[in-house]
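One file, entry.pdb, carrying PDB, C-alpha atoms:
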```
ATOM      1  CA  MET E  28      19.152 -42.538  75.745  1.00  0.00           C
ATOM      2  CA  GLY E  29      22.412 -40.764  75.003  1.00  0.00           C
ATOM      3  CA  ARG E  30      25.724 -41.275  76.637  1.00  0.00           C
ATOM      4  CA  ARG E  31      26.675 -39.087  79.567  1.00  0.00           C
ATOM      5  CA  ALA E  32      29.953 -37.398  80.332  1.00  0.00           C
ATOM      6  CA  ASP E  33      31.289 -36.078  83.600  1.00  0.00           C
ATOM      7  CA  GLN E  34      33.372 -33.403  81.880  1.00  0.00           C
ATOM      8  CA  ILE E  35      31.666 -30.308  80.569  1.00  0.00           C
ATOM      9  CA  ASP E  36      32.568 -28.404  77.411  1.00  0.00           C
ATOM     10  CA  SER E  37      32.682 -24.608  77.270  1.00  0.00           C
ATOM     11  CA  LYS E  38      29.370 -24.251  75.378  1.00  0.00           C
ATOM     12  CA  SER E  39      27.560 -26.445  77.902  1.00  0.00           C
ATOM     13  CA  ALA E  40      29.095 -24.484  80.778  1.00  0.00           C
ATOM     14  CA  GLU E  41      28.018 -21.220  79.153  1.00  0.00           C
ATOM     15  CA  ILE E  42      24.442 -22.474  78.839  1.00  0.00           C
ATOM     16  CA  ILE E  43      24.343 -23.672  82.453  1.00  0.00           C
ATOM     17  CA  ILE E  44      25.728 -20.370  83.730  1.00  0.00           C
ATOM     18  CA  GLY E  45      23.177 -18.483  81.603  1.00  0.00           C
ATOM     19  CA  ILE E  46      20.241 -20.326  83.180  1.00  0.00           C
ATOM     20  CA  GLU E  47      20.201 -17.927  86.107  1.00  0.00           C
ATOM     21  CA  ASP E  48      19.924 -14.949  83.740  1.00  0.00           C
ATOM     22  CA  GLN E  49      16.703 -16.271  82.208  1.00  0.00           C
ATOM     23  CA  GLU E  50      13.457 -14.886  83.610  1.00  0.00           C
ATOM     24  CA  ASP E  51      11.389 -17.736  82.189  1.00  0.00           C
ATOM     25  CA  PRO E  52      12.544 -21.269  83.045  1.00  0.00           C
ATOM     26  CA  ARG E  53      10.828 -22.535  79.872  1.00  0.00           C
ATOM     27  CA  MET E  54      13.220 -20.477  77.773  1.00  0.00           C
ATOM     28  CA  ALA E  55      16.223 -21.764  79.724  1.00  0.00           C
ATOM     29  CA  TRP E  56      14.922 -25.329  79.417  1.00  0.00           C
ATOM     30  CA  GLY E  57      14.505 -24.914  75.654  1.00  0.00           C
ATOM     31  CA  GLN E  58      18.078 -23.748  75.319  1.00  0.00           C
ATOM     32  CA  VAL E  59      19.375 -26.665  77.381  1.00  0.00           C
ATOM     33  CA  LYS E  60      17.198 -29.152  75.467  1.00  0.00           C
ATOM     34  CA  ARG E  61      18.357 -27.882  72.068  1.00  0.00           C
ATOM     35  CA  HIS E  62      22.001 -28.172  73.135  1.00  0.00           C
ATOM     36  CA  ILE E  63      21.472 -31.713  74.475  1.00  0.00           C
ATOM     37  CA  ASP E  64      19.759 -32.703  71.225  1.00  0.00           C
ATOM     38  CA  ALA E  65      22.613 -31.203  69.180  1.00  0.00           C
ATOM     39  CA  LEU E  66      25.218 -33.082  71.207  1.00  0.00           C
ATOM     40  CA  ARG E  67      23.348 -36.361  70.797  1.00  0.00           C
ATOM     41  CA  GLU E  68      22.845 -35.771  67.093  1.00  0.00           C
ATOM     42  CA  ALA E  69      26.581 -35.178  66.706  1.00  0.00           C
ATOM     43  CA  GLY E  70      27.276 -38.431  68.559  1.00  0.00           C
ATOM     44  CA  ARG E  71      28.882 -36.648  71.485  1.00  0.00           C
ATOM     45  CA  GLU E  72      28.421 -37.446  75.132  1.00  0.00           C
ATOM     46  CA  VAL E  73      25.999 -35.273  77.085  1.00  0.00           C
ATOM     47  CA  PRO E  74      27.502 -33.796  80.272  1.00  0.00           C
ATOM     48  CA  GLU E  75      25.728 -34.957  83.431  1.00  0.00           C
ATOM     49  CA  ALA E  76      25.375 -31.304  84.477  1.00  0.00           C
ATOM     50  CA  LEU E  77      23.175 -30.645  81.423  1.00  0.00           C
ATOM     51  CA  ILE E  78      20.966 -33.640  82.194  1.00  0.00           C
ATOM     52  CA  VAL E  79      20.507 -32.422  85.773  1.00  0.00           C
ATOM     53  CA  ALA E  80      19.845 -28.841  84.630  1.00  0.00           C
ATOM     54  CA  GLU E  81      17.222 -30.044  82.141  1.00  0.00           C
ATOM     55  CA  ARG E  82      15.385 -32.036  84.816  1.00  0.00           C
ATOM     56  CA  ASN E  83      15.530 -29.218  87.362  1.00  0.00           C
ATOM     57  CA  LEU E  84      14.213 -26.668  84.880  1.00  0.00           C
ATOM     58  CA  MET E  85      11.424 -28.963  83.759  1.00  0.00           C
ATOM     59  CA  THR E  86      10.373 -29.475  87.362  1.00  0.00           C
ATOM     60  CA  GLU E  87      10.523 -25.720  88.013  1.00  0.00           C
ATOM     61  CA  PHE E  88       8.398 -24.627  85.079  1.00  0.00           C
ATOM     62  CA  MET E  89       5.887 -27.414  85.644  1.00  0.00           C
ATOM     63  CA  ALA E  90       5.487 -26.250  89.259  1.00  0.00           C
ATOM     64  CA  GLN E  91       5.067 -22.645  88.089  1.00  0.00           C
ATOM     65  CA  SER E  92       2.447 -23.650  85.562  1.00  0.00           C
ATOM     66  CA  GLN E  93       0.502 -25.337  88.378  1.00  0.00           C
ATOM     67  CA  GLY E  94       0.710 -22.203  90.523  1.00  0.00           C
ATOM     68  CA  ARG E  95       3.145 -23.541  93.104  1.00  0.00           C
TER      69      ARG E  95
END
```
Kindly transcribe the structure held in the file into structure tokens.
Amino acid sequence: MGRRADQIDSKSAEIIIGIEDQEDPRMAWGQVKRHIDALREAGREVPEALIVAERNLMTEFMAQSQGR
């Protein structure tokens, strides 16, 4: 698993803020996931806020897919 950072960079903040604008949580999750993967690939720490956002979105779209 990648390293985590408490500080958040501007791109990560932009993605997190944009989550609320997305109609489909799967699209928001994909955007968050791609950014996390890019950070890890570059050897950078992943902000904790992105990890939490990814988990929350995954939970949300899984619940929606089950009709909850």
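What the PyMOL selection byres ((chain E and resi 79-86) around 8) matches in the given file is E:Ile43, E:Pro52, E:Arg53, E:Ala55, E:Trp56, E:Val59, E:Lys60, E:Glu75, E:Ala76, E:Leu77, E:Ile78, E:Glu87, E:Phe88, E:Met89, E:Ala90.
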Please dump the current selection as a PDB file, keeping the file's coordinate frame; keep C-alpha atoms.
```pdb
ATOM      1  CA  ILE E  43      24.343 -23.672  82.453  1.00  0.00           C
ATOM      2  CA  PRO E  52      12.544 -21.269  83.045  1.00  0.00           C
ATOM      3  CA  ARG E  53      10.828 -22.535  79.872  1.00  0.00           C
ATOM      4  CA  ALA E  55      16.223 -21.764  79.724  1.00  0.00           C
ATOM      5  CA  TRP E  56      14.922 -25.329  79.417  1.00  0.00           C
ATOM      6  CA  VAL E  59      19.375 -26.665  77.381  1.00  0.00           C
ATOM      7  CA  LYS E  60      17.198 -29.152  75.467  1.00  0.00           C
ATOM      8  CA  GLU E  75      25.728 -34.957  83.431  1.00  0.00           C
ATOM      9  CA  ALA E  76      25.375 -31.304  84.477  1.00  0.00           C
ATOM     10  CA  LEU E  77      23.175 -30.645  81.423  1.00  0.00           C
ATOM     11  CA  ILE E  78      20.966 -33.640  82.194  1.00  0.00           C
ATOM     12  CA  GLU E  87      10.523 -25.720  88.013  1.00  0.00           C
ATOM     13  CA  PHE E  88       8.398 -24.627  85.079  1.00  0.00           C
ATOM     14  CA  MET E  89       5.887 -27.414  85.644  1.00  0.00           C
ATOM     15  CA  ALA E  90       5.487 -26.250  89.259  1.00  0.00           C
TER      16      ALA E  90
END
```
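Put simply, CA of Asp36 (chain E) is 11.9 Å away from CA of Ile63 (chain E).
Here the PyMOL selection byres ((chain E and resi 42) around 9) captures the residues Ser37, Lys38, Ser39, Ala40, Glu41, Ile43, Ile44, Gly45, Ile46, Ala55, Gln58, Val59, His62 and Leu77 of chain E.
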Box for region 33-41 of chain E: with edges along x, y and z, all listed atoms inside and 6 Å added on each side, what are the centre and edge lengths in Å to one decimal, as AutoDock Vina command-line options?
```
--center_x 30.5 --center_y -28.6 --center_z 79.5 --size_x 17.8 --size_y 26.9 --size_z 20.2
```
When you draw a straight line from CA of Glu50 (chain E) to CA of Gly94 (chain E), how long is it in Å? 16.2 Å
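Going from CA of Ala65 (chain E) over to CA of Ser92 (chain E), you cover 27.1 Å.
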